[in-house]
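Quick look at work.cif (mmCIF, C-alpha atoms; chains and numbers go by the auth columns):
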```cif
data_entry
#
loop_
_atom_site.group_PDB
_atom_site.id
_atom_site.type_symbol
_atom_site.label_atom_id
_atom_site.label_comp_id
_atom_site.label_asym_id
_atom_site.label_seq_id
_atom_site.Cartn_x
_atom_site.Cartn_y
_atom_site.Cartn_z
_atom_site.B_iso_or_equiv
_atom_site.auth_seq_id
_atom_site.auth_asym_id
ATOM 1 C CA MET A 1 11.399 5.286 16.378 0.00 718 A
ATOM 2 C CA GLU A 2 13.417 3.833 13.494 0.00 719 A
ATOM 3 C CA PHE A 3 11.829 1.091 11.406 0.00 720 A
ATOM 4 C CA GLY A 4 13.542 -1.870 9.858 0.00 721 A
ATOM 5 C CA LYS A 5 15.801 -3.456 12.443 0.00 722 A
ATOM 6 C CA LEU A 6 15.823 -6.602 10.350 0.00 723 A
ATOM 7 C CA THR A 7 16.863 -4.646 7.275 0.00 724 A
ATOM 8 C CA GLU A 8 19.468 -2.503 9.062 0.00 725 A
ATOM 9 C CA GLY A 9 17.315 0.590 8.849 0.00 726 A
ATOM 10 C CA LYS A 10 16.950 0.384 5.076 0.00 727 A
ATOM 11 C CA TYR A 11 13.174 -0.137 5.078 0.00 728 A
ATOM 12 C CA HIS A 12 12.446 3.263 6.559 0.00 729 A
ATOM 13 C CA GLU A 13 15.151 4.970 4.516 0.00 730 A
ATOM 14 C CA LYS A 14 14.194 3.474 1.179 0.00 731 A
ATOM 15 C CA TYR A 15 10.431 2.949 1.381 0.00 732 A
ATOM 16 C CA VAL A 16 9.074 5.542 3.773 0.00 733 A
ATOM 17 C CA VAL A 17 11.210 8.711 3.770 0.00 734 A
ATOM 18 C CA PRO A 18 11.142 9.285 -0.033 0.00 735 A
ATOM 19 C CA ASN A 19 7.346 9.151 0.001 0.00 736 A
ATOM 20 C CA GLU A 20 6.320 10.869 3.215 0.00 737 A
ATOM 21 C CA TRP A 21 3.433 12.564 1.377 0.00 738 A
ATOM 22 C CA PHE A 22 2.154 9.100 0.472 0.00 739 A
ATOM 23 C CA TYR A 23 1.893 8.015 4.100 0.00 740 A
ATOM 24 C CA GLY A 24 0.806 11.450 5.256 0.00 741 A
ATOM 25 C CA THR A 25 -2.069 11.459 2.796 0.00 742 A
ATOM 26 C CA MET A 26 -3.132 7.974 3.836 0.00 743 A
ATOM 27 C CA ILE A 27 -3.116 8.971 7.512 0.00 744 A
ATOM 28 C CA SER A 28 -5.170 12.092 6.755 0.00 745 A
ATOM 29 C CA GLN A 29 -7.813 9.833 5.224 0.00 746 A
ATOM 30 C CA LEU A 30 -7.660 7.329 8.104 0.00 747 A
ATOM 31 C CA SER A 31 -8.181 10.203 10.524 0.00 748 A
ATOM 32 C CA LYS A 32 -11.755 10.483 9.257 0.00 749 A
ATOM 33 C CA LEU A 33 -12.641 7.095 10.737 0.00 750 A
ATOM 34 C CA PRO A 34 -14.510 7.060 14.070 0.00 751 A
ATOM 35 C CA SER A 35 -12.342 6.640 17.171 0.00 752 A
ATOM 36 C CA GLY A 36 -11.791 2.997 18.064 0.00 753 A
ATOM 37 C CA SER A 37 -12.347 1.740 14.515 0.00 754 A
ATOM 38 C CA LYS A 38 -11.049 -1.728 13.686 0.00 755 A
ATOM 39 C CA VAL A 39 -8.655 -1.620 10.754 0.00 756 A
ATOM 40 C CA LEU A 40 -7.143 -4.592 8.917 0.00 757 A
ATOM 41 C CA ASP A 41 -3.727 -3.759 7.447 0.00 758 A
ATOM 42 C CA ILE A 42 -2.772 -6.269 4.734 0.00 759 A
ATOM 43 C CA GLY A 43 0.988 -6.350 4.154 0.00 760 A
ATOM 44 C CA SER A 44 1.696 -4.245 7.208 0.00 761 A
ATOM 45 C CA GLY A 45 5.502 -4.567 7.057 0.00 762 A
ATOM 46 C CA PRO A 46 7.156 -3.349 10.270 0.00 763 A
ATOM 47 C CA GLY A 47 4.022 -1.432 11.286 0.00 764 A
ATOM 48 C CA THR A 48 4.515 1.718 9.239 0.00 765 A
ATOM 49 C CA ILE A 49 0.830 2.652 9.205 0.00 766 A
ATOM 50 C CA ALA A 50 0.429 1.928 12.916 0.00 767 A
ATOM 51 C CA GLN A 51 3.433 4.120 13.741 0.00 768 A
ATOM 52 C CA HIS A 52 2.195 7.005 11.591 0.00 769 A
ATOM 53 C CA ALA A 53 -1.309 6.685 13.048 0.00 770 A
ATOM 54 C CA SER A 54 0.139 6.820 16.547 0.00 771 A
ATOM 55 C CA ASN A 55 2.236 9.870 15.664 0.00 772 A
ATOM 56 C CA ALA A 56 -0.968 11.539 14.446 0.00 773 A
ATOM 57 C CA ASN A 57 -2.671 10.703 17.773 0.00 774 A
ATOM 58 C CA LEU A 58 -5.369 8.622 16.081 0.00 775 A
ATOM 59 C CA GLU A 59 -7.362 6.132 18.118 0.00 776 A
ATOM 60 C CA LEU A 60 -7.497 2.908 16.107 0.00 777 A
ATOM 61 C CA ASN A 61 -7.295 -0.846 16.599 0.00 778 A
ATOM 62 C CA ILE A 62 -5.025 -2.039 13.796 0.00 779 A
ATOM 63 C CA LEU A 63 -4.725 -5.717 12.893 0.00 780 A
ATOM 64 C CA GLY A 64 -1.555 -6.199 10.879 0.00 781 A
ATOM 65 C CA ILE A 65 -0.835 -9.190 8.660 0.00 782 A
ATOM 66 C CA GLU A 66 2.660 -9.510 7.177 0.00 783 A
ATOM 67 C CA PRO A 67 4.232 -12.532 5.440 0.00 784 A
ATOM 68 C CA SER A 68 7.873 -11.518 5.911 0.00 785 A
ATOM 69 C CA ASN A 69 10.094 -11.329 8.984 0.00 786 A
ATOM 70 C CA LEU A 70 9.382 -7.599 9.113 0.00 787 A
ATOM 71 C CA VAL A 71 6.490 -8.666 11.329 0.00 788 A
ATOM 72 C CA ASN A 72 9.046 -9.052 14.149 0.00 789 A
ATOM 73 C CA ASP A 73 9.665 -5.311 14.001 0.00 790 A
ATOM 74 C CA GLY A 74 5.894 -4.886 14.118 0.00 791 A
ATOM 75 C CA ILE A 75 5.723 -6.938 17.292 0.00 792 A
ATOM 76 C CA ASN A 76 8.356 -4.723 18.880 0.00 793 A
ATOM 77 C CA LEU A 77 6.437 -1.660 17.748 0.00 794 A
ATOM 78 C CA ALA A 78 3.216 -2.995 19.268 0.00 795 A
ATOM 79 C CA MET A 79 4.913 -3.354 22.656 0.00 796 A
ATOM 80 C CA ASN A 80 6.407 0.101 22.352 0.00 797 A
ATOM 81 C CA LEU A 81 3.006 1.639 21.592 0.00 798 A
ATOM 82 C CA VAL A 82 1.633 0.045 24.762 0.00 799 A
ATOM 83 C CA GLU A 83 4.550 1.375 26.803 0.00 800 A
ATOM 84 C CA ILE A 84 4.077 4.943 25.615 0.00 801 A
ATOM 85 C CA GLY A 85 0.316 4.822 26.112 0.00 802 A
ATOM 86 C CA SER A 86 -0.499 5.286 22.430 0.00 803 A
ATOM 87 C CA LYS A 87 -4.136 5.435 21.379 0.00 804 A
ATOM 88 C CA VAL A 88 -3.243 3.008 18.599 0.00 805 A
ATOM 89 C CA LYS A 89 -3.554 -0.632 19.583 0.00 806 A
ATOM 90 C CA TYR A 90 -1.522 -2.705 17.156 0.00 807 A
ATOM 91 C CA PHE A 91 -1.856 -6.460 16.732 0.00 808 A
ATOM 92 C CA PRO A 92 0.622 -7.795 14.152 0.00 809 A
ATOM 93 C CA LYS A 93 0.660 -11.417 13.012 0.00 810 A
ATOM 94 C CA LYS A 94 2.731 -13.288 10.482 0.00 811 A
ATOM 95 C CA GLY A 95 0.720 -14.605 7.573 0.00 812 A
ATOM 96 C CA SER A 96 -0.550 -14.025 4.060 0.00 813 A
ATOM 97 C CA ILE A 97 -3.683 -12.356 2.736 0.00 814 A
ATOM 98 C CA GLU A 98 -5.295 -15.785 2.483 0.00 815 A
ATOM 99 C CA LYS A 99 -4.891 -16.341 6.243 0.00 816 A
ATOM 100 C CA ALA A 100 -5.882 -12.916 7.532 0.00 817 A
ATOM 101 C CA ILE A 101 -9.548 -13.674 8.214 0.00 818 A
ATOM 102 C CA ASP A 102 -8.844 -16.906 10.086 0.00 819 A
ATOM 103 C CA LEU A 103 -5.850 -15.590 12.040 0.00 820 A
ATOM 104 C CA PHE A 104 -7.954 -12.768 13.472 0.00 821 A
ATOM 105 C CA ALA A 105 -11.199 -14.791 13.561 0.00 822 A
ATOM 106 C CA LEU A 106 -12.972 -12.036 11.649 0.00 823 A
ATOM 107 C CA LYS A 107 -16.723 -12.272 11.189 0.00 824 A
ATOM 108 C CA GLU A 108 -18.747 -10.760 8.384 0.00 825 A
ATOM 109 C CA GLN A 109 -19.155 -6.984 8.659 0.00 826 A
ATOM 110 C CA SER A 110 -16.773 -6.734 11.615 0.00 827 A
ATOM 111 C CA VAL A 111 -14.077 -4.429 10.200 0.00 828 A
ATOM 112 C CA ASP A 112 -14.348 -0.682 9.616 0.00 829 A
ATOM 113 C CA ALA A 113 -11.537 -0.396 7.091 0.00 830 A
ATOM 114 C CA ILE A 114 -9.061 -2.496 5.136 0.00 831 A
ATOM 115 C CA ILE A 115 -5.675 -1.132 4.110 0.00 832 A
ATOM 116 C CA LEU A 116 -3.428 -2.357 1.315 0.00 833 A
ATOM 117 C CA MET A 117 -0.490 0.038 1.410 0.00 834 A
ATOM 118 C CA ARG A 118 2.193 -0.758 -1.166 0.00 835 A
ATOM 119 C CA SER A 119 1.150 -4.396 -0.951 0.00 836 A
ATOM 120 C CA ALA A 120 -1.414 -5.016 -3.720 0.00 837 A
ATOM 121 C CA HIS A 121 1.193 -5.395 -6.463 0.00 838 A
ATOM 122 C CA GLU A 122 3.326 -7.690 -4.306 0.00 839 A
ATOM 123 C CA ILE A 123 0.344 -9.899 -3.526 0.00 840 A
ATOM 124 C CA ILE A 124 -0.618 -10.086 -7.188 0.00 841 A
ATOM 125 C CA LYS A 125 2.940 -11.022 -8.105 0.00 842 A
ATOM 126 C CA SER A 126 2.892 -13.760 -5.464 0.00 843 A
ATOM 127 C CA ILE A 127 -0.531 -15.362 -5.973 0.00 844 A
ATOM 128 C CA GLY A 128 -1.694 -14.033 -9.343 0.00 845 A
ATOM 129 C CA TYR A 129 -4.489 -11.642 -10.259 0.00 846 A
ATOM 130 C CA SER A 130 -7.302 -14.218 -10.267 0.00 847 A
ATOM 131 C CA LYS A 131 -6.538 -15.402 -6.735 0.00 848 A
ATOM 132 C CA PHE A 132 -6.046 -11.817 -5.574 0.00 849 A
ATOM 133 C CA GLU A 133 -9.558 -11.082 -6.828 0.00 850 A
ATOM 134 C CA VAL A 134 -10.907 -14.075 -4.865 0.00 851 A
ATOM 135 C CA GLU A 135 -9.139 -13.010 -1.666 0.00 852 A
ATOM 136 C CA LEU A 136 -10.304 -9.422 -2.036 0.00 853 A
ATOM 137 C CA ALA A 137 -13.877 -10.695 -2.351 0.00 854 A
ATOM 138 C CA LYS A 138 -13.453 -12.610 0.921 0.00 855 A
ATOM 139 C CA LEU A 139 -12.095 -9.505 2.628 0.00 856 A
ATOM 140 C CA SER A 140 -14.986 -7.409 1.359 0.00 857 A
ATOM 141 C CA ARG A 141 -17.376 -9.641 3.289 0.00 858 A
ATOM 142 C CA VAL A 142 -15.744 -8.829 6.635 0.00 859 A
ATOM 143 C CA LEU A 143 -15.896 -5.126 5.820 0.00 860 A
ATOM 144 C CA LYS A 144 -18.889 -3.299 7.283 0.00 861 A
ATOM 145 C CA LYS A 145 -21.377 -1.574 5.012 0.00 862 A
ATOM 146 C CA ASP A 146 -20.108 1.998 4.674 0.00 863 A
ATOM 147 C CA GLY A 147 -16.646 0.730 5.567 0.00 864 A
ATOM 148 C CA PHE A 148 -13.640 1.615 3.433 0.00 865 A
ATOM 149 C CA PHE A 149 -10.861 0.122 1.401 0.00 866 A
ATOM 150 C CA PHE A 150 -7.727 2.277 1.629 0.00 867 A
ATOM 151 C CA ILE A 151 -5.378 1.286 -1.175 0.00 868 A
ATOM 152 C CA GLY A 152 -2.049 2.911 -1.964 0.00 869 A
ATOM 153 C CA ASP A 153 0.202 1.433 -4.621 0.00 870 A
ATOM 154 C CA PRO A 154 2.738 2.310 -7.270 0.00 871 A
ATOM 155 C CA SER A 155 1.768 2.258 -10.922 0.00 872 A
ATOM 156 C CA TYR A 156 3.055 3.487 -14.246 0.00 873 A
ATOM 157 C CA ARG A 157 1.132 6.504 -15.422 0.00 874 A
ATOM 158 C CA LEU A 158 -1.908 5.770 -17.534 0.00 875 A
ATOM 159 C CA ASP A 159 -0.821 7.792 -20.575 0.00 876 A
ATOM 160 C CA ILE A 160 2.171 5.548 -21.281 0.00 877 A
ATOM 161 C CA VAL A 161 1.731 3.702 -24.569 0.00 878 A
ATOM 162 C CA LYS A 162 3.690 1.019 -26.339 0.00 879 A
ATOM 163 C CA ASN A 163 5.862 1.988 -29.280 0.00 880 A
ATOM 164 C CA LYS A 164 5.732 0.385 -32.707 0.00 881 A
ATOM 165 C CA SER A 165 7.886 -2.526 -31.623 0.00 882 A
ATOM 166 C CA GLY A 166 5.404 -3.398 -28.889 0.00 883 A
ATOM 167 C CA LEU A 167 7.707 -2.304 -26.081 0.00 884 A
ATOM 168 C CA TYR A 168 6.892 0.233 -23.412 0.00 885 A
ATOM 169 C CA ASP A 169 8.209 3.761 -23.415 0.00 886 A
ATOM 170 C CA GLU A 170 11.973 3.956 -22.841 0.00 887 A
ATOM 171 C CA ASP A 171 11.312 6.089 -19.757 0.00 888 A
ATOM 172 C CA VAL A 172 9.764 3.036 -18.097 0.00 889 A
ATOM 173 C CA GLU A 173 12.965 1.045 -18.525 0.00 890 A
ATOM 174 C CA ILE A 174 15.000 3.984 -17.217 0.00 891 A
ATOM 175 C CA ALA A 175 12.636 4.239 -14.247 0.00 892 A
ATOM 176 C CA ARG A 176 13.091 0.561 -13.501 0.00 893 A
ATOM 177 C CA VAL A 177 16.881 0.860 -13.499 0.00 894 A
ATOM 178 C CA ILE A 178 16.747 3.862 -11.169 0.00 895 A
ATOM 179 C CA SER A 179 14.197 2.171 -8.898 0.00 896 A
ATOM 180 C CA GLU A 180 16.499 -0.811 -8.577 0.00 897 A
ATOM 181 C CA GLU A 181 19.276 1.517 -7.419 0.00 898 A
ATOM 182 C CA MET A 182 16.956 3.386 -5.053 0.00 899 A
ATOM 183 C CA ILE A 183 15.325 0.455 -3.301 0.00 900 A
ATOM 184 C CA TYR A 184 16.798 -2.651 -4.924 0.00 901 A
ATOM 185 C CA HIS A 185 13.327 -3.398 -6.220 0.00 902 A
ATOM 186 C CA SER A 186 11.281 -2.678 -9.336 0.00 903 A
ATOM 187 C CA HIS A 187 8.469 -4.157 -11.376 0.00 904 A
ATOM 188 C CA PRO A 188 7.652 -4.424 -15.062 0.00 905 A
ATOM 189 C CA VAL A 189 4.468 -2.663 -16.124 0.00 906 A
ATOM 190 C CA ARG A 190 2.434 -5.867 -16.271 0.00 907 A
ATOM 191 C CA GLU A 191 3.018 -6.525 -12.542 0.00 908 A
ATOM 192 C CA LEU A 192 1.620 -3.215 -11.320 0.00 909 A
ATOM 193 C CA MET A 193 -2.082 -2.613 -10.765 0.00 910 A
ATOM 194 C CA PRO A 194 -3.322 0.710 -12.191 0.00 911 A
ATOM 195 C CA PRO A 195 -5.998 2.540 -10.163 0.00 912 A
ATOM 196 C CA ASP A 196 -8.736 2.136 -12.782 0.00 913 A
ATOM 197 C CA LYS A 197 -8.367 -1.641 -12.600 0.00 914 A
ATOM 198 C CA ILE A 198 -8.614 -1.597 -8.794 0.00 915 A
ATOM 199 C CA ILE A 199 -11.714 0.629 -8.964 0.00 916 A
ATOM 200 C CA SER A 200 -13.344 -1.754 -11.450 0.00 917 A
ATOM 201 C CA LEU A 201 -12.499 -4.761 -9.292 0.00 918 A
ATOM 202 C CA LEU A 202 -13.906 -3.185 -6.125 0.00 919 A
ATOM 203 C CA ALA A 203 -17.056 -2.081 -7.960 0.00 920 A
ATOM 204 C CA GLY A 204 -17.853 -5.733 -8.515 0.00 921 A
ATOM 205 C CA LEU A 205 -17.609 -6.266 -4.759 0.00 922 A
ATOM 206 C CA GLY A 206 -20.170 -3.621 -3.855 0.00 923 A
ATOM 207 C CA CYS A 207 -17.623 -0.833 -3.354 0.00 924 A
ATOM 208 C CA GLU A 208 -18.675 1.740 -5.895 0.00 925 A
ATOM 209 C CA ASP A 209 -18.234 5.022 -4.058 0.00 926 A
ATOM 210 C CA VAL A 210 -14.754 6.355 -4.786 0.00 927 A
ATOM 211 C CA CYS A 211 -14.483 8.988 -2.103 0.00 928 A
ATOM 212 C CA TYR A 212 -10.907 9.980 -2.780 0.00 929 A
ATOM 213 C CA PHE A 213 -8.250 9.460 -5.396 0.00 930 A
ATOM 214 C CA GLU A 214 -4.819 10.986 -5.742 0.00 931 A
ATOM 215 C CA SER A 215 -1.866 10.130 -7.917 0.00 932 A
ATOM 216 C CA ARG A 216 1.531 11.804 -7.866 0.00 933 A
ATOM 217 C CA PRO A 217 4.778 11.203 -9.713 0.00 934 A
ATOM 218 C CA ASN A 218 7.598 9.640 -7.742 0.00 935 A
ATOM 219 C CA MET A 219 9.751 12.739 -7.240 0.00 936 A
ATOM 220 C CA GLU A 220 12.612 10.834 -5.676 0.00 937 A
ATOM 221 C CA LEU A 221 13.027 8.987 -8.962 0.00 938 A
ATOM 222 C CA LEU A 222 13.172 12.285 -10.865 0.00 939 A
ATOM 223 C CA ASN A 223 15.751 13.703 -8.472 0.00 940 A
ATOM 224 C CA LEU A 224 17.955 10.641 -8.762 0.00 941 A
ATOM 225 C CA ALA A 225 17.659 10.756 -12.554 0.00 942 A
ATOM 226 C CA LYS A 226 18.920 14.351 -12.540 0.00 943 A
ATOM 227 C CA LYS A 227 21.958 13.348 -10.493 0.00 944 A
ATOM 228 C CA LYS A 228 22.729 10.761 -13.155 0.00 945 A
ATOM 229 C CA LYS A 229 22.217 13.390 -15.860 0.00 946 A
ATOM 230 C CA ILE A 230 19.185 11.541 -17.174 0.00 947 A
ATOM 231 C CA ILE A 231 16.414 13.862 -18.280 0.00 948 A
ATOM 232 C CA LEU A 232 12.888 12.681 -17.604 0.00 949 A
ATOM 233 C CA GLU A 233 10.173 15.249 -18.245 0.00 950 A
ATOM 234 C CA ARG A 234 7.873 13.426 -15.890 0.00 951 A
ATOM 235 C CA SER A 235 8.317 10.352 -13.757 0.00 952 A
ATOM 236 C CA PRO A 236 6.672 7.358 -15.438 0.00 953 A
ATOM 237 C CA LEU A 237 6.261 5.838 -11.963 0.00 954 A
ATOM 238 C CA GLU A 238 3.416 7.209 -9.865 0.00 955 A
ATOM 239 C CA MET A 239 2.026 6.510 -6.423 0.00 956 A
ATOM 240 C CA TYR A 240 -1.740 6.514 -6.095 0.00 957 A
ATOM 241 C CA ILE A 241 -4.151 6.430 -3.176 0.00 958 A
ATOM 242 C CA LEU A 242 -7.743 5.231 -3.390 0.00 959 A
ATOM 243 C CA VAL A 243 -10.401 5.481 -0.691 0.00 960 A
ATOM 244 C CA VAL A 244 -13.415 3.416 -1.724 0.00 961 A
ATOM 245 C CA ARG A 245 -16.585 2.995 0.319 0.00 962 A
ATOM 246 C CA LYS A 246 -18.488 -0.276 0.507 0.00 963 A
ATOM 247 C CA ASN A 247 -22.036 0.861 -0.157 0.00 964 A
ATOM 248 C CA ILE A 248 -23.660 -2.413 -1.257 0.00 965 A
ATOM 249 C CA LEU A 249 -23.823 -5.703 0.613 0.00 966 A
ATOM 250 C CA VAL A 250 -22.742 -8.563 -1.658 0.00 967 A
#
```
Encoded form (structure tokens):
Amino acid sequence: MEFGKLTEGKYHEKYVVPNEWFYGTMISQLSKLPSGSKVLDIGSGPGTIAQHASNANLELNILGIEPSNLVNDGINLAMNLVEIGSKVKYFPKKGSIEKAIDLFALKEQSVDAIILMRSAHEIIKSIGYSKFEVELAKLSRVLKKDGFFFIGDPSYRLDIVKNKSGLYDEDVEIARVISEEMIYHSHPVRELMPPDKIISLLAGLGCEDVCYFESRPNMELLNLAKKKKIILERSPLEMYILVVRKNILV
């Protein structure tokens, strides 16, 4: 099934295909959840995670919250999953992170996992870091003890430093230009959330057990740079995946 009817197929082409490992890795981690687990997908887009989970024959109940009109594609996907008898039950609704708990009438310790896949940085850009921290704290309360946060997001690699003029490495600016051409979308360094900051934030919410962490350079960016005869030794843009267990009730 092709994603992105509302974006003329561009969502799948630009966001999913270049980073299949990213979604594949996330699904491999989700596959460790017990069958029938309730999963809250924040920023679910057109239902990318639900579709991949279905393709992997997982048995999950996924509650998707999406602020954009991509949720309409998610609604179509949900009906399609029912028609094909998928083990994934998908329930997409339009709304923001602030409305997720009320829209699904979630009670404390009622959710097995919470996903933020390529959405954390967008949420922070929209509502600010302080409010994001508040909303994440609210979400942590509906997460069961021993439940998981699954967070996948882009970030600039941690070893990038500012030069003497106080500006970031030139490779970052090159990466931004190329990203704009790839997906018509890029972020300055200050708008992306590095994994260490997420880990620190979650630790304050009783989620101190980092069960899994992976970070890889965005290879599509490197390949496009080569076509433009731009030499980058290593992509300054990385995609990381965190799996963090809630092991303390707060």
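Closest approach to A:Asp758 from the set A:Leu856, A:Ile844, A:Ile832, A:Ile965 is made by A:Ile832, with distances taken over all atoms listed in the file.
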message = I'd like to know which of A:Ser761, A:Asn778, A:Asn940, A:Ser752 is closest to A:Ser836, using all atoms listed in the file.
response =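 The shortest atom-to-atom distance to A:Ser836 comes from A:Ser761.
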request  = Quick one: apply the PyMOL selection byres ((chain A and resi 740) around 9) to the file and drop the selected residues here as a ChimeraX atom specification.
outcome  = /A:733,736-739,741-745,765-766,769,834,869
For the structure shown, which residues end up in the PyMOL selection byres ((chain A and resi 762) around 9)? Put them as an mmCIF file with C-alpha atoms, in the coordinates of the input, please?
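Written file, part_10.cif:
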```cif
data_model
loop_
_atom_site.group_PDB
_atom_site.id
_atom_site.type_symbol
_atom_site.label_atom_id
_atom_site.label_comp_id
_atom_site.auth_asym_id
_atom_site.auth_seq_id
_atom_site.Cartn_x
_atom_site.Cartn_y
_atom_site.Cartn_z
ATOM 1 C CA GLY A 721 13.542 -1.870 9.858
ATOM 2 C CA ILE A 759 -2.772 -6.269 4.734
ATOM 3 C CA GLY A 760 0.988 -6.350 4.154
ATOM 4 C CA SER A 761 1.696 -4.245 7.208
ATOM 5 C CA PRO A 763 7.156 -3.349 10.270
ATOM 6 C CA GLY A 764 4.022 -1.432 11.286
ATOM 7 C CA THR A 765 4.515 1.718 9.239
ATOM 8 C CA ILE A 766 0.830 2.652 9.205
ATOM 9 C CA GLY A 781 -1.555 -6.199 10.879
ATOM 10 C CA ILE A 782 -0.835 -9.190 8.660
ATOM 11 C CA GLU A 783 2.660 -9.510 7.177
ATOM 12 C CA PRO A 784 4.232 -12.532 5.440
ATOM 13 C CA SER A 785 7.873 -11.518 5.911
ATOM 14 C CA ASN A 786 10.094 -11.329 8.984
ATOM 15 C CA LEU A 787 9.382 -7.599 9.113
ATOM 16 C CA VAL A 788 6.490 -8.666 11.329
ATOM 17 C CA ASP A 790 9.665 -5.311 14.001
ATOM 18 C CA GLY A 791 5.894 -4.886 14.118
#
```
inquiry  = To test your reading of the syntax: which residues would the PyMOL selection byres ((chain A and resi 819-827) around 6) return for the file shown? Reply as an NGL selection string.
reply    = :A and (816-818 or 828 or 858-861)
message = Neighbouring residues of A:Phe866 were defined as those with any atom within 7 Å, considering all atoms listed in the file; residues of the same chain fewer than 6 positions away were excluded. Please report them as JSON, numbers by chain.
response = {"A": [830, 831, 832, 960, 961, 962]}
Restricted to C-alpha atoms, what would the selected residues look like written as a short mmCIF file (atom, residue, chain, number, x, y, z; two decimals), in the frame of the given file?
```
data_model
loop_
_atom_site.label_atom_id
_atom_site.label_comp_id
_atom_site.auth_asym_id
_atom_site.auth_seq_id
_atom_site.Cartn_x
_atom_site.Cartn_y
_atom_site.Cartn_z
CA ALA A 830 -11.54 -0.40 7.09
CA ILE A 831 -9.06 -2.50 5.14
CA ILE A 832 -5.68 -1.13 4.11
CA VAL A 960 -10.40 5.48 -0.69
CA VAL A 961 -13.42 3.42 -1.72
CA ARG A 962 -16.58 3.00 0.32
#
```
key: Among the residues A:Leu775, A:Leu922, A:Cys928, A:Ile792, the one that comes closest to A:Glu852 [using all atoms listed in the file]   =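 Smallest separation from A:Glu852 among the options: A:Leu922.
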message = Taking all atoms listed in the file into account, name the residue in A:Lys755, A:Leu941, A:Ser857, A:Glu908 that is nearest to A:Lys842.
response =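 Smallest distance to A:Lys842 is found for A:Glu908.
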task = For atom CA of A:Val756 and atom CA of A:Tyr929, quote the distance in Å rounded to one decimal.
result =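 Pair atom CA of A:Val756 / atom CA of A:Tyr929 returns 18.0 Å.
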Proximity to A:Lys811 - best of A:Asn789, A:Asp829, A:Leu853, A:Asn772, only C-alpha atoms =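 Result for the nearest residue to A:Lys811: A:Asn789.
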task = Would you work out the distance separating atom CA of A:Pro912 from atom CA of A:Lys749, expressed in Å to one decimal?
result =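 That distance, rounded to one decimal, is 21.8 Å.
The smallest atom-to-atom distance between A:Asp870 and any of A:Gly921, A:Gly753, A:Gly845, A:Pro934, using all atoms listed in the file, is found for A:Pro934.
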message = Between atom CA of A:Leu959 and atom CA of A:Phe930, what distance in Å does the model show, to one decimal?
response = 4.7 Å
